[in-house]
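This is start_9.txt. It holds compact mmCIF, C-alpha atoms.
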```
# COMPACT_ATOMS: atom_id res chain seq x y z
CA LEU L 1 108.14 -15.28 64.34
CA ASN L 2 111.04 -13.57 65.98
CA PRO L 3 111.11 -15.04 69.51
CA GLY L 4 112.92 -12.03 70.92
CA VAL L 5 116.22 -11.97 72.73
CA SER L 6 116.22 -12.75 76.41
CA PHE L 7 119.13 -11.65 78.57
CA GLY L 8 119.09 -11.30 82.31
CA ALA L 9 121.13 -10.03 85.23
CA GLU L 10 123.61 -12.92 85.05
CA HIS L 11 124.47 -12.00 81.46
CA PHE L 12 124.81 -8.29 82.16
CA ALA L 13 127.07 -9.03 85.15
CA GLU L 14 129.67 -10.80 83.01
CA THR L 15 131.68 -7.59 82.75
CA SER L 16 131.37 -3.81 82.73
CA TYR L 17 131.97 -0.83 80.48
CA TYR L 18 134.49 1.95 80.71
CA PHE L 19 134.95 5.04 78.55
CA GLU L 20 138.23 6.23 77.09
CA GLY L 21 139.15 8.55 74.23
CA GLY L 22 135.59 8.91 73.01
CA LEU L 23 135.12 5.12 72.94
CA ARG L 24 132.91 2.71 74.86
CA LYS L 25 135.04 -0.26 75.88
CA VAL L 26 134.27 -3.61 77.47
CA ARG L 27 136.58 -5.05 80.11
CA PRO L 28 137.80 -8.50 79.00
CA TYR L 29 135.87 -11.35 80.58
CA TYR L 30 135.56 -15.12 80.65
CA PHE L 31 132.79 -16.57 78.54
CA ASP L 32 131.50 -20.07 77.80
CA PHE L 33 130.88 -21.02 74.19
CA ARG L 34 128.60 -24.04 74.07
CA THR L 35 127.38 -26.44 71.42
CA TYR L 36 125.79 -29.82 71.00
CA CYS L 37 127.64 -32.29 68.81
CA LYS L 38 126.90 -31.71 65.13
CA GLY L 39 125.76 -34.72 63.16
CA ARG L 40 128.91 -34.77 61.04
CA TRP L 41 131.07 -34.91 64.18
CA VAL L 42 129.58 -38.18 65.43
CA GLY L 43 132.20 -40.94 65.41
CA ARG L 44 135.08 -38.48 65.04
CA SER L 45 137.60 -37.65 67.72
CA LEU L 46 137.56 -34.28 69.42
CA LEU L 47 141.11 -33.71 68.20
CA HIS L 48 140.04 -34.35 64.60
CA VAL L 49 137.10 -31.95 64.86
CA PHE L 50 139.29 -29.21 66.31
CA GLY L 51 141.96 -29.78 63.64
CA THR L 52 139.58 -29.70 60.68
CA GLU L 53 136.81 -27.29 61.65
CA PHE L 54 138.26 -24.91 64.24
CA ARG L 55 141.33 -23.76 62.36
CA ALA L 56 141.65 -20.26 63.80
CA GLN L 57 144.00 -21.68 66.42
CA PRO L 58 146.55 -24.52 66.54
CA LEU L 59 145.91 -27.89 68.12
CA ALA L 60 148.40 -26.93 70.82
CA TYR L 61 145.82 -24.45 72.08
CA TYR L 62 143.23 -27.17 72.67
CA ARG L 63 145.73 -29.38 74.44
CA ALA L 64 146.68 -26.48 76.73
CA ALA L 65 143.02 -25.56 77.21
CA ALA L 66 142.23 -29.15 78.19
CA ARG L 67 145.07 -29.17 80.72
CA ALA L 68 143.73 -25.91 82.11
CA GLY L 69 140.26 -27.40 82.55
CA ARG L 70 138.66 -25.07 80.03
CA LEU L 71 137.23 -27.77 77.79
CA ARG L 72 134.29 -29.80 79.07
CA LEU L 73 132.36 -32.64 77.49
CA ASN L 74 128.95 -33.33 79.07
CA GLU L 75 130.14 -31.07 81.93
CA GLU L 76 133.15 -33.27 82.65
CA PRO L 77 136.70 -31.91 82.11
CA VAL L 78 138.23 -33.14 78.86
CA ARG L 79 141.61 -34.77 79.46
CA ASP L 80 141.92 -36.87 76.31
CA LEU L 81 141.32 -35.16 72.97
CA ASP L 82 141.22 -38.56 71.28
CA ILE L 83 137.79 -39.16 72.80
CA VAL L 84 135.20 -40.07 70.14
CA LEU L 85 132.10 -37.88 70.01
CA LYS L 86 128.59 -39.31 70.25
CA ASN L 87 125.22 -37.93 69.25
CA ASN L 88 123.95 -35.20 71.64
CA ASP L 89 127.32 -34.77 73.35
CA PHE L 90 127.50 -31.29 74.88
CA LEU L 91 130.72 -29.26 74.56
CA ARG L 92 131.68 -26.21 76.60
CA ASN L 93 134.76 -24.07 75.97
CA THR L 94 135.75 -21.23 78.32
CA VAL L 95 137.60 -18.37 76.62
CA HIS L 96 138.95 -14.98 77.61
CA ARG L 97 136.84 -12.66 75.50
CA HIS L 98 137.78 -9.22 74.20
CA GLU L 99 135.29 -7.01 72.36
CA PRO L 100 136.13 -4.26 69.86
CA PRO L 101 135.46 -0.70 71.07
CA VAL L 102 132.51 1.30 69.77
CA THR L 103 131.69 4.98 69.87
CA ALA L 104 130.92 6.44 73.29
CA GLN L 105 127.94 8.29 71.84
CA PRO L 106 124.90 7.36 73.96
CA ILE L 107 121.84 5.55 72.64
CA ARG L 108 119.05 8.13 72.62
CA ILE L 109 115.50 6.89 73.25
CA LEU L 110 113.14 8.56 70.75
CA ALA L 111 109.89 7.02 71.96
CA GLU L 112 108.66 4.38 74.37
CA ASP L 113 105.27 3.01 75.39
CA GLU L 114 103.86 -0.33 76.49
CA GLU L 115 104.29 -1.78 72.99
CA VAL L 116 107.53 -0.47 71.52
CA VAL L 117 110.78 1.30 72.23
CA VAL L 118 112.41 3.36 69.50
CA VAL L 119 116.02 4.51 69.72
CA ASP L 120 118.52 6.55 67.75
CA LYS L 121 121.34 4.06 67.23
CA PRO L 122 124.90 5.41 67.05
CA SER L 123 127.19 4.23 64.29
CA SER L 124 129.55 1.30 65.05
CA LEU L 125 127.11 -0.50 67.37
CA PRO L 126 125.69 -3.88 66.28
CA VAL L 127 122.01 -4.33 67.06
CA HIS L 128 122.44 -7.56 69.01
CA PRO L 129 125.16 -10.06 69.95
CA CYS L 130 126.98 -11.38 66.92
CA GLY L 131 130.54 -12.31 66.10
CA ARG L 132 132.98 -10.50 68.40
CA PHE L 133 130.28 -8.27 69.90
CA ARG L 134 128.12 -9.06 72.93
CA HIS L 135 128.11 -6.29 75.55
CA ASN L 136 128.93 -3.59 72.99
CA THR L 137 125.53 -4.03 71.31
CA VAL L 138 122.27 -2.09 71.38
CA ILE L 139 120.42 -4.96 73.07
CA PHE L 140 122.91 -5.26 75.92
CA ILE L 141 123.29 -1.51 76.49
CA LEU L 142 119.52 -1.03 76.59
CA GLY L 143 119.24 -3.92 79.05
CA LYS L 144 122.12 -2.86 81.29
CA GLU L 145 121.70 0.91 81.27
CA HIS L 146 117.99 1.39 80.63
CA GLY L 147 116.43 -1.73 82.14
CA LEU L 148 114.85 -2.64 78.79
CA ARG L 149 114.76 -6.42 78.37
CA GLU L 150 112.95 -9.09 76.37
CA LEU L 151 113.03 -6.89 73.28
CA HIS L 152 111.95 -8.21 69.89
CA THR L 153 113.97 -7.03 66.89
CA LEU L 154 111.63 -5.64 64.23
CA HIS L 155 114.28 -4.56 61.74
CA ARG L 156 118.04 -4.21 61.68
CA LEU L 157 120.62 -1.64 60.76
CA ASP L 158 124.14 -2.35 59.61
CA ARG L 159 126.67 -1.92 62.40
CA MET L 160 128.09 1.24 60.83
CA THR L 161 124.66 2.74 60.07
CA SER L 162 123.10 5.08 62.61
CA GLY L 163 119.50 6.15 63.12
CA VAL L 164 115.98 5.02 63.93
CA LEU L 165 115.80 1.51 65.33
CA MET L 166 112.55 0.02 66.60
CA PHE L 167 111.92 -2.86 69.01
CA ALA L 168 108.69 -4.53 70.08
CA LYS L 169 108.16 -5.27 73.76
CA THR L 170 105.84 -8.24 73.24
CA ALA L 171 105.47 -11.10 70.79
CA ALA L 172 101.97 -9.88 69.84
CA VAL L 173 103.28 -6.47 68.78
CA SER L 174 106.14 -8.11 66.93
CA LYS L 175 103.70 -10.33 65.05
CA ARG L 176 101.51 -7.37 64.08
CA ILE L 177 104.37 -5.30 62.72
CA ASP L 178 105.94 -8.33 61.06
CA GLU L 179 102.71 -8.68 59.09
CA GLN L 180 103.15 -5.11 57.87
CA VAL L 181 106.67 -6.01 56.77
CA ARG L 182 105.40 -8.97 54.74
CA GLN L 183 102.74 -6.80 53.12
CA ARG L 184 105.34 -4.11 52.34
CA GLN L 185 103.46 -1.48 54.34
CA LEU L 186 106.62 -0.17 55.99
CA GLU L 187 108.59 2.76 54.65
CA LYS L 188 112.22 3.47 55.50
CA GLU L 189 114.02 6.67 54.68
CA TYR L 190 117.77 7.17 54.96
CA VAL L 191 120.08 10.11 54.42
CA CYS L 192 123.75 9.90 53.46
CA ARG L 193 126.66 11.99 52.24
CA VAL L 194 128.26 10.74 49.05
CA VAL L 195 131.30 11.55 46.94
CA GLY L 196 130.86 14.08 44.14
CA GLU L 197 127.88 15.87 42.62
CA PHE L 198 124.90 13.53 42.65
CA PRO L 199 122.36 14.10 39.84
CA GLU L 200 119.62 16.62 40.63
CA HIS L 201 116.90 14.37 39.21
CA GLU L 202 115.60 11.26 40.98
CA VAL L 203 117.65 8.13 40.37
CA LEU L 204 116.17 4.64 40.60
CA CYS L 205 118.71 1.83 40.93
CA GLU L 206 117.47 -1.72 40.39
CA GLU L 207 120.75 -3.62 40.13
CA PRO L 208 120.69 -7.10 41.75
CA ILE L 209 123.05 -7.62 44.67
CA LEU L 210 125.17 -10.69 45.42
CA VAL L 211 126.97 -11.45 48.68
CA VAL L 212 130.70 -11.86 48.14
CA SER L 213 131.59 -12.74 51.73
CA TYR L 214 129.47 -13.15 54.84
CA LYS L 215 132.59 -13.36 56.98
CA VAL L 216 133.94 -9.93 56.03
CA GLY L 217 130.52 -8.58 55.07
CA VAL L 218 130.99 -7.59 51.42
CA CYS L 219 128.45 -7.47 48.57
CA ARG L 220 128.51 -6.33 44.95
CA VAL L 221 126.21 -5.86 41.99
CA ASP L 222 125.88 -9.05 39.96
CA PRO L 223 123.23 -10.43 37.55
CA LYS L 224 123.09 -13.57 39.72
CA GLY L 225 122.26 -11.53 42.82
CA LYS L 226 118.92 -10.88 44.50
CA PRO L 227 116.58 -8.31 42.96
CA CYS L 228 116.41 -4.98 44.77
CA GLN L 229 115.40 -1.40 44.25
CA THR L 230 116.46 1.95 45.73
CA LEU L 231 115.23 5.45 44.92
CA PHE L 232 117.68 8.32 45.44
CA GLN L 233 116.98 12.07 45.66
CA ARG L 234 119.66 14.73 46.05
CA LEU L 235 119.10 17.16 48.91
CA SER L 236 122.20 19.37 48.64
CA TYR L 237 125.69 19.71 47.15
CA ASN L 238 128.55 21.63 48.78
CA GLY L 239 131.03 21.58 45.93
CA SER L 240 132.68 18.26 46.78
CA SER L 241 130.02 15.95 48.23
CA SER L 242 126.26 15.56 48.13
CA VAL L 243 123.60 14.80 50.72
CA VAL L 244 121.20 12.23 49.31
CA ARG L 245 117.84 10.88 50.51
CA CYS L 246 117.57 7.09 50.07
CA LEU L 247 114.29 5.21 49.87
CA PRO L 248 114.96 1.45 49.72
CA ARG L 249 112.02 -0.54 48.41
CA THR L 250 113.66 -3.84 49.29
CA GLY L 251 115.93 -4.73 52.18
CA ARG L 252 119.06 -6.47 50.92
CA THR L 253 122.29 -6.46 52.87
CA HIS L 254 124.26 -3.23 52.26
CA GLN L 255 121.74 -2.34 49.54
CA ILE L 256 122.05 1.45 49.75
CA ARG L 257 125.85 1.36 50.00
CA VAL L 258 126.28 -1.04 47.06
CA HIS L 259 123.86 0.86 44.81
CA LEU L 260 125.60 4.18 45.55
CA GLN L 261 128.96 2.62 44.74
CA PHE L 262 127.57 1.27 41.47
CA LEU L 263 126.30 4.76 40.58
CA GLY L 264 129.78 6.18 41.13
CA HIS L 265 128.86 8.06 44.30
CA PRO L 266 129.94 5.90 47.25
CA ILE L 267 129.38 7.15 50.79
CA VAL L 268 132.22 9.53 51.64
CA ASN L 269 133.68 7.46 54.49
CA ASP L 270 132.37 3.99 53.72
CA PRO L 271 135.05 1.58 55.08
CA ILE L 272 134.13 -1.08 52.52
CA TYR L 273 132.65 0.39 49.36
CA ASN L 274 134.83 3.50 49.04
CA MET L 275 138.22 1.82 49.16
CA GLU L 276 141.10 1.61 46.66
CA ALA L 277 140.74 -2.18 46.67
CA TRP L 278 137.80 -1.86 44.24
CA GLY L 279 140.09 -0.41 41.56
CA PRO L 280 140.60 3.05 40.05
CA ASP L 281 136.84 3.57 39.56
CA ARG L 282 136.07 2.19 43.04
CA GLY L 283 133.46 -0.21 41.67
CA LYS L 284 131.52 2.30 39.57
CA GLY L 285 129.29 0.53 37.07
CA GLY L 286 130.23 -2.79 38.59
CA LYS L 287 133.74 -2.58 37.11
CA ILE L 288 136.10 -4.19 39.59
CA GLY L 289 138.67 -6.08 37.51
CA LYS L 290 139.27 -8.64 40.26
CA THR L 291 137.92 -12.02 41.22
CA ASP L 292 135.95 -12.12 44.46
CA GLU L 293 138.94 -13.71 46.19
CA GLU L 294 141.30 -11.01 44.92
CA LEU L 295 138.86 -8.30 45.99
CA LEU L 296 138.54 -9.67 49.53
CA LYS L 297 142.29 -10.02 49.85
CA ALA L 298 142.82 -6.46 48.64
CA LEU L 299 140.21 -5.08 51.06
CA VAL L 300 141.71 -6.89 54.02
CA GLU L 301 145.24 -5.84 53.09
CA GLU L 302 144.19 -2.21 52.71
CA HIS L 303 142.67 -2.18 56.20
CA ARG L 304 145.54 -4.17 57.64
CA SER L 305 148.01 -1.60 56.31
CA LYS L 306 145.99 1.13 58.01
CA GLN L 307 145.69 -0.94 61.21
CA SER L 308 141.92 -0.62 60.88
CA LEU L 309 140.66 -4.21 60.74
CA GLU L 310 138.65 -3.45 63.89
CA VAL L 311 136.64 -0.91 61.89
CA LEU L 312 135.38 -3.87 59.87
CA GLY L 313 134.57 -5.66 63.12
CA ILE L 314 137.13 -8.37 62.46
CA GLY L 315 140.52 -9.36 63.81
CA GLU L 316 143.40 -11.37 62.45
CA GLU L 317 141.97 -14.55 64.01
CA ASP L 318 138.71 -14.15 62.10
CA LEU L 319 140.58 -14.30 58.82
CA ASN L 320 142.00 -17.71 59.72
CA SER L 321 138.77 -19.46 60.69
CA ALA L 322 136.92 -21.95 58.54
CA GLY L 323 135.14 -21.29 55.27
CA GLU L 324 132.45 -18.97 54.05
CA SER L 325 128.84 -19.19 55.12
CA LYS L 326 125.67 -19.87 53.25
CA ASP L 327 122.97 -17.27 52.65
CA CYS L 328 121.26 -16.63 55.96
CA GLY L 329 118.01 -15.86 54.19
CA ASN L 330 117.57 -12.56 55.99
CA SER L 331 116.55 -9.91 53.49
CA GLY L 332 116.50 -7.08 56.01
CA ASP L 333 119.27 -4.70 56.97
CA CYS L 334 121.64 -7.09 58.64
CA THR L 335 124.55 -6.60 60.99
CA LYS L 336 126.77 -9.36 59.72
CA SER L 337 128.41 -11.65 62.18
CA VAL L 338 132.09 -12.06 61.46
CA ASP L 339 132.82 -15.25 63.36
CA ALA L 340 129.41 -16.30 64.61
CA ASP L 341 129.83 -19.95 63.74
CA PRO L 342 132.95 -21.05 61.87
CA VAL L 343 131.73 -24.63 62.12
CA ASN L 344 128.19 -24.34 60.81
CA GLY L 345 129.17 -21.53 58.52
CA SER L 346 126.09 -19.48 59.42
CA SER L 347 126.60 -15.82 60.06
CA CYS L 348 123.02 -14.65 60.32
CA PRO L 349 122.81 -12.41 63.38
CA ALA L 350 119.18 -13.33 63.79
CA GLU L 351 120.38 -16.67 65.11
CA ASP L 352 123.36 -15.68 67.22
CA GLU L 353 123.23 -16.17 70.99
CA LYS L 354 119.49 -16.86 71.13
CA ASP L 355 119.56 -20.63 71.22
CA PRO L 356 122.05 -22.34 73.52
CA ARG L 357 122.12 -25.28 71.11
CA ARG L 358 123.22 -22.92 68.35
CA ASN L 359 126.42 -21.46 69.83
CA ASP L 360 129.81 -22.76 68.82
CA VAL L 361 133.01 -23.52 70.70
CA ALA L 362 135.12 -20.80 69.13
CA ALA L 363 138.31 -19.85 70.94
CA CYS L 364 141.08 -17.26 70.88
CA PRO L 365 143.92 -18.13 68.50
CA LEU L 366 147.51 -18.35 69.65
CA ASN L 367 150.63 -16.59 68.55
CA SER L 368 153.52 -18.79 67.54
CA ASP L 369 155.81 -17.14 70.08
CA ILE L 370 154.57 -19.16 73.04
CA ASN L 371 155.21 -22.83 73.75
CA LEU L 372 151.79 -24.07 74.79
CA GLU L 373 153.00 -27.60 75.30
CA THR L 374 155.23 -26.55 78.20
CA LEU L 375 152.86 -24.24 80.03
CA ASP L 376 152.38 -25.42 83.57
CA LYS L 377 148.71 -25.76 84.38
CA ASP L 378 148.93 -25.02 88.06
CA LYS L 379 151.25 -22.05 87.81
CA GLU L 380 150.26 -20.32 84.60
CA LEU L 381 146.85 -21.37 83.34
CA GLY L 382 144.63 -20.26 86.18
CA LEU L 383 141.72 -18.03 85.27
CA CYS L 384 141.78 -14.44 86.47
CA GLY L 385 138.03 -14.37 87.00
CA ASN L 386 135.85 -17.39 87.65
CA LEU L 387 134.29 -19.64 85.04
CA ASP L 388 130.81 -18.29 85.61
CA GLY L 389 131.82 -14.95 84.17
CA GLN L 390 131.72 -13.14 87.51
CA ALA L 391 135.07 -11.42 87.26
CA GLY L 392 136.47 -9.90 90.40
CA GLU L 393 137.16 -6.20 90.83
CA LYS L 394 140.67 -6.58 89.40
CA GLY L 395 140.17 -9.77 87.38
CA TRP L 396 139.80 -7.92 84.08
CA GLU L 397 143.23 -6.33 84.51
CA GLU L 398 145.12 -9.62 84.60
CA LYS L 399 146.58 -11.38 81.59
CA ASP L 400 145.34 -14.73 80.40
CA PRO L 401 148.22 -16.94 79.17
CA LEU L 402 146.04 -18.61 76.53
CA CYS L 403 144.61 -15.41 75.08
CA VAL L 404 146.31 -13.81 72.10
CA GLU L 405 144.44 -10.55 72.64
CA CYS L 406 146.09 -10.17 76.04
CA ARG L 407 149.49 -10.19 74.30
CA THR L 408 148.49 -8.01 71.35
CA SER L 409 148.84 -4.26 71.26
CA ARG L 410 146.19 -2.71 69.04
CA ARG L 411 145.65 0.82 67.89
CA ASP L 412 142.27 2.08 69.03
CA PRO L 413 140.10 3.47 66.24
CA SER L 414 139.34 7.15 66.58
CA PRO L 415 135.68 8.08 67.18
CA LYS L 416 135.73 9.65 63.71
CA GLU L 417 136.64 6.29 62.15
CA LEU L 418 133.60 4.72 63.77
CA VAL L 419 131.10 7.04 62.09
CA MET L 420 129.82 6.35 58.59
CA PHE L 421 127.70 8.96 56.85
CA LEU L 422 124.57 6.81 56.48
CA HIS L 423 121.64 7.47 58.80
CA ALA L 424 118.15 5.92 59.10
CA LEU L 425 116.06 9.08 59.31
CA ARG L 426 112.50 7.75 59.34
CA TYR L 427 110.64 4.49 59.94
CA LYS L 428 106.93 4.48 59.10
CA GLY L 429 104.21 1.84 59.35
CA ALA L 430 100.44 1.72 58.96
CA ASP L 431 99.82 3.27 62.37
CA PHE L 432 103.15 4.77 63.44
CA GLU L 433 105.95 7.01 62.26
CA TYR L 434 109.24 7.68 64.04
CA CYS L 435 111.93 10.15 63.01
CA SER L 436 115.31 11.23 64.28
CA SER L 437 116.98 14.57 63.77
CA MET L 438 119.22 15.18 60.77
CA PRO L 439 122.86 14.32 61.62
CA GLU L 440 125.39 17.15 61.70
CA TRP L 441 127.23 15.89 58.60
CA ALA L 442 124.01 16.11 56.55
CA THR L 443 123.56 19.87 56.89
CA GLU L 444 123.79 21.78 53.63
CA ASP L 445 126.83 23.87 54.55
CA TRP L 446 128.82 21.08 56.25
CA GLU L 447 132.43 20.67 55.20
CA GLN L 448 134.83 17.90 56.17
```

Could the structure of this file be written out as structure tokens, please?
Amino acid sequence: LNPGVSFGAEHFAETSYYFEGGLRKVRPYYFDFRTYCKGRWVGRSLLHVFGTEFRAQPLAYYRAAARAGRLRLNEEPVRDLDIVLKNNDFLRNTVHRHEPPVTAQPIRILAEDEEVVVVDKPSSLPVHPCGRFRHNTVIFILGKEHGLRELHTLHRLDRMTSGVLMFAKTAAVSKRIDEQVRQRQLEKEYVCRVVGEFPEHEVLCEEPILVVSYKVGVCRVDPKGKPCQTLFQRLSYNGSSSVVRCLPRTGRTHQIRVHLQFLGHPIVNDPIYNMEAWGPDRGKGGKIGKTDEELLKALVEEHRSKQSLEVLGIGEEDLNSAGESKDCGNSGDCTKSVDADPVNGSSCPAEDEKDPRRNDVAACPLNSDINLETLDKDKELGLCGNLDGQAGEKGWEEKDPLCVECRTSRRDPSPKELVMFLHALRYKGADFEYCSSMPEWATEDWEQ
């Protein structure tokens, strides 16, 4: 059973939002990543663990962080990274955290009673904390701005997908609806705008889907993938693109997007599956002509050249962290975590930030243009908020000498870049049905 996500006033007070250029932004804040010693770490030095499993930043970072008092072992400051770890040791790492911006479009509440709350989720917002996102998530915004807490996630939408999103308010309601999910009594209906003239007749796609990368969040059709099924019906065609109704009968990651790409009609502005990296046919018919590694490299390079890695929800540091993850086992629509746990390799958002034993000790990477070994702890490594996350009125404005984000100038995505033309229109169960209005881009006469 989904235990729900519990966040309180102390979590919401870590930082605050501000709005700029059509974007919702989070002021940088100090945050503690925590973990208990993994079994494979026992008997190894802290330095060795950092050097082999936390490769997104150089060892010089950890030495500087230790001098600054930001690394703690069993709540005692770490001074010697040669210390050997023991079973149940508890590690805490304080980092200066920056979150990617999301659209400033508000979360609209469609329905609420004593059992459930149903919202219309904007595109670009993850459902709950995962990877680089914490405050810029549906769960946190509902808690901070609407006083809705202790919500149980009943289903998920990809970060870039908008539309109907339903939460249970109690474990009993969550259990009841979860039973409907297991018995396949739930119906989900999506609408999207795709490239070209989609066939007028119904199209059933049953191609199996395989995850290429959990880190970047990329899938493709492959005989070795999981079985899935999507029914498509064309609603309109404006001469260049079509509006299509999508009825997924299974819930694989990126299922609708991957099936549309396979059919040769990718979503018009899909930042993954409608890219040149897939080749001249953009993945139609499963023809890619690249290995998975070559495909991922090409996708990343294409976004890097456009300065749009943030649209994928990743940064340069995420590309340097440790290896790929295993299947998280979540067959629902999943908002993939990019750097949820580079040590365990799990990126299932259903696990992120719920269990304090589960979180990792990830940290900001360092540019090579700063000599960490010579930084003076007393003069330069002080924190501009306090370690409990209660930043002062001006604390967020100050620079953190250990944080690469503080020294990096990034282009903000435009609000238009944060909208993908895929919308969850309806969510129906045995005793409920919730709908949102048709998005503007799905009207018959809409033109880009």

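The interatomic distance for the pair atom CA of L:His98 and atom CA of L:Pro28 works out to 4.9 Å.
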
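Taking atom CA of L:Leu263 as the reference point, atom CA of L:Gly285 is found at 6.3 Å.
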
Can you check which parts of stretch 123-216 of chain L lie within 9 Å of stretch 290-311 of chain L? Per residue, the shortest pair of atoms and distance in Å to one decimal, counting all atoms listed in the file, sorted by chain and number, as a Markdown table.
```
| residue | atom | partner | partner_atom | distance |
| --- | --- | --- | --- | --- |
| L:Ser124 | CA | L:Val311 | CA | 8.1 |
| L:Met160 | CA | L:Val311 | CA | 8.9 |
| L:Val212 | CA | L:Asp292 | CA | 6.4 |
| L:Ser213 | CA | L:Leu296 | CA | 7.9 |
| L:Val216 | CA | L:Leu296 | CA | 8.0 |
```

- Item | d(atom CA of L:Glu206, atom CA of L:Lys188) in Å | 16.8 Å

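Take the candidates L:Glu200, L:His146, L:Thr170, L:Arg156 and check each one against L:Glu114 using all atoms listed in the file; the shortest distance goes to L:Thr170.
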
Protein and nucleic acid residues near (134.9, -8.8, 67.4) (cut-off 6 Å, all atoms listed in the file) as a PDB file with C-alpha atoms, in the coordinates of the input:
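To be explicit, this is the file written out as out_30.pdb:
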```pdb
ATOM      1  CA  GLU L  99     135.290  -7.010  72.360  1.00  0.00           C
ATOM      2  CA  PRO L 100     136.130  -4.260  69.860  1.00  0.00           C
ATOM      3  CA  GLY L 131     130.540 -12.310  66.100  1.00  0.00           C
ATOM      4  CA  ARG L 132     132.980 -10.500  68.400  1.00  0.00           C
ATOM      5  CA  PHE L 133     130.280  -8.270  69.900  1.00  0.00           C
ATOM      6  CA  GLY L 313     134.570  -5.660  63.120  1.00  0.00           C
ATOM      7  CA  ILE L 314     137.130  -8.370  62.460  1.00  0.00           C
TER       8      ILE L 314
END
```

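In this comparison, which uses only C-alpha atoms, the residue of L:Val194, L:Ala104, L:Leu23, L:Leu151 approaching L:Gly264 most closely is L:Val194.
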
Stretch 275-286 of chain L: axis-aligned bounding box, 5 Å on each side, centre and edge lengths in Å, one decimal, as AutoDock Vina command-line options:
```
--center_x 135.2 --center_y 0.4 --center_z 43.1 --size_x 21.8 --size_y 16.4 --size_z 22.1
```

- Item | Within 7 Å of stretch 267-280 of chain L using all atoms listed in the file, minus same-chain residues under 2 positions, as a PyMOL selection string | chain L and resi 192-195+257-258+261+265+282-283+288+295+298-299+302+420-421

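Using all atoms listed in the file, the protein and nucleic acid residues lying no more than 10 Å from L:Val42, apart from those fewer than 2 places from it along its own chain, are Cys37, Lys38, Gly39, Arg40, Arg44, Ser45, Leu46, Val49, Val84, Leu85, Lys86, Asn87, Asn88 and Asp89 of chain L.
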
Output C-alpha atoms for every residue in the selection just made, as a compact mmCIF listing (two decimals), in the coordinates of the input.
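Here's the written file again15.txt:
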```
# COMPACT_ATOMS: atom_id res chain seq x y z
CA CYS L 37 127.64 -32.29 68.81
CA LYS L 38 126.90 -31.71 65.13
CA GLY L 39 125.76 -34.72 63.16
CA ARG L 40 128.91 -34.77 61.04
CA ARG L 44 135.08 -38.48 65.04
CA SER L 45 137.60 -37.65 67.72
CA LEU L 46 137.56 -34.28 69.42
CA VAL L 49 137.10 -31.95 64.86
CA VAL L 84 135.20 -40.07 70.14
CA LEU L 85 132.10 -37.88 70.01
CA LYS L 86 128.59 -39.31 70.25
CA ASN L 87 125.22 -37.93 69.25
CA ASN L 88 123.95 -35.20 71.64
CA ASP L 89 127.32 -34.77 73.35
```

- Query: Which polymer residues have any atom within 10 Å of an atom of L:Gly21, counting all atoms listed in the file, with same-chain residues fewer than 4 positions away left out, as a ChimeraX atom specification?
  - Reply: /L:25,103-104,412-415

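Using all atoms listed in the file, the smallest distance between any of L:Leu59, L:Ile107, L:Ala9, L:Val95 and L:Phe33 comes from L:Val95.
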
- Between L:Leu148, L:Gln105, L:Pro199, L:Arg24, single out the one closest to L:Asn136, counting all atoms listed in the file. L:Arg24

- Message: Tell me which residues come within 10 Å of (133.3, -27.7, 72.9), as a VMD selection string, counting all atoms listed in the file in the file's coordinates.
- Response: chain L and resid 32 to 37 46 49 to 50 62 70 to 74 78 89 to 94 359 to 363

Generate a file of the selected residues that holds C-alpha atoms, formatted as a PDB file, in the coordinates of the input.
```pdb
ATOM      1  CA  ASP L  32     131.500 -20.070  77.800  1.00  0.00           C
ATOM      2  CA  PHE L  33     130.880 -21.020  74.190  1.00  0.00           C
ATOM      3  CA  ARG L  34     128.600 -24.040  74.070  1.00  0.00           C
ATOM      4  CA  THR L  35     127.380 -26.440  71.420  1.00  0.00           C
ATOM      5  CA  TYR L  36     125.790 -29.820  71.000  1.00  0.00           C
ATOM      6  CA  CYS L  37     127.640 -32.290  68.810  1.00  0.00           C
ATOM      7  CA  LEU L  46     137.560 -34.280  69.420  1.00  0.00           C
ATOM      8  CA  VAL L  49     137.100 -31.950  64.860  1.00  0.00           C
ATOM      9  CA  PHE L  50     139.290 -29.210  66.310  1.00  0.00           C
ATOM     10  CA  TYR L  62     143.230 -27.170  72.670  1.00  0.00           C
ATOM     11  CA  ARG L  70     138.660 -25.070  80.030  1.00  0.00           C
ATOM     12  CA  LEU L  71     137.230 -27.770  77.790  1.00  0.00           C
ATOM     13  CA  ARG L  72     134.290 -29.800  79.070  1.00  0.00           C
ATOM     14  CA  LEU L  73     132.360 -32.640  77.490  1.00  0.00           C
ATOM     15  CA  ASN L  74     128.950 -33.330  79.070  1.00  0.00           C
ATOM     16  CA  VAL L  78     138.230 -33.140  78.860  1.00  0.00           C
ATOM     17  CA  ASP L  89     127.320 -34.770  73.350  1.00  0.00           C
ATOM     18  CA  PHE L  90     127.500 -31.290  74.880  1.00  0.00           C
ATOM     19  CA  LEU L  91     130.720 -29.260  74.560  1.00  0.00           C
ATOM     20  CA  ARG L  92     131.680 -26.210  76.600  1.00  0.00           C
ATOM     21  CA  ASN L  93     134.760 -24.070  75.970  1.00  0.00           C
ATOM     22  CA  THR L  94     135.750 -21.230  78.320  1.00  0.00           C
ATOM     23  CA  ASN L 359     126.420 -21.460  69.830  1.00  0.00           C
ATOM     24  CA  ASP L 360     129.810 -22.760  68.820  1.00  0.00           C
ATOM     25  CA  VAL L 361     133.010 -23.520  70.700  1.00  0.00           C
ATOM     26  CA  ALA L 362     135.120 -20.800  69.130  1.00  0.00           C
ATOM     27  CA  ALA L 363     138.310 -19.850  70.940  1.00  0.00           C
TER      28      ALA L 363
END
```
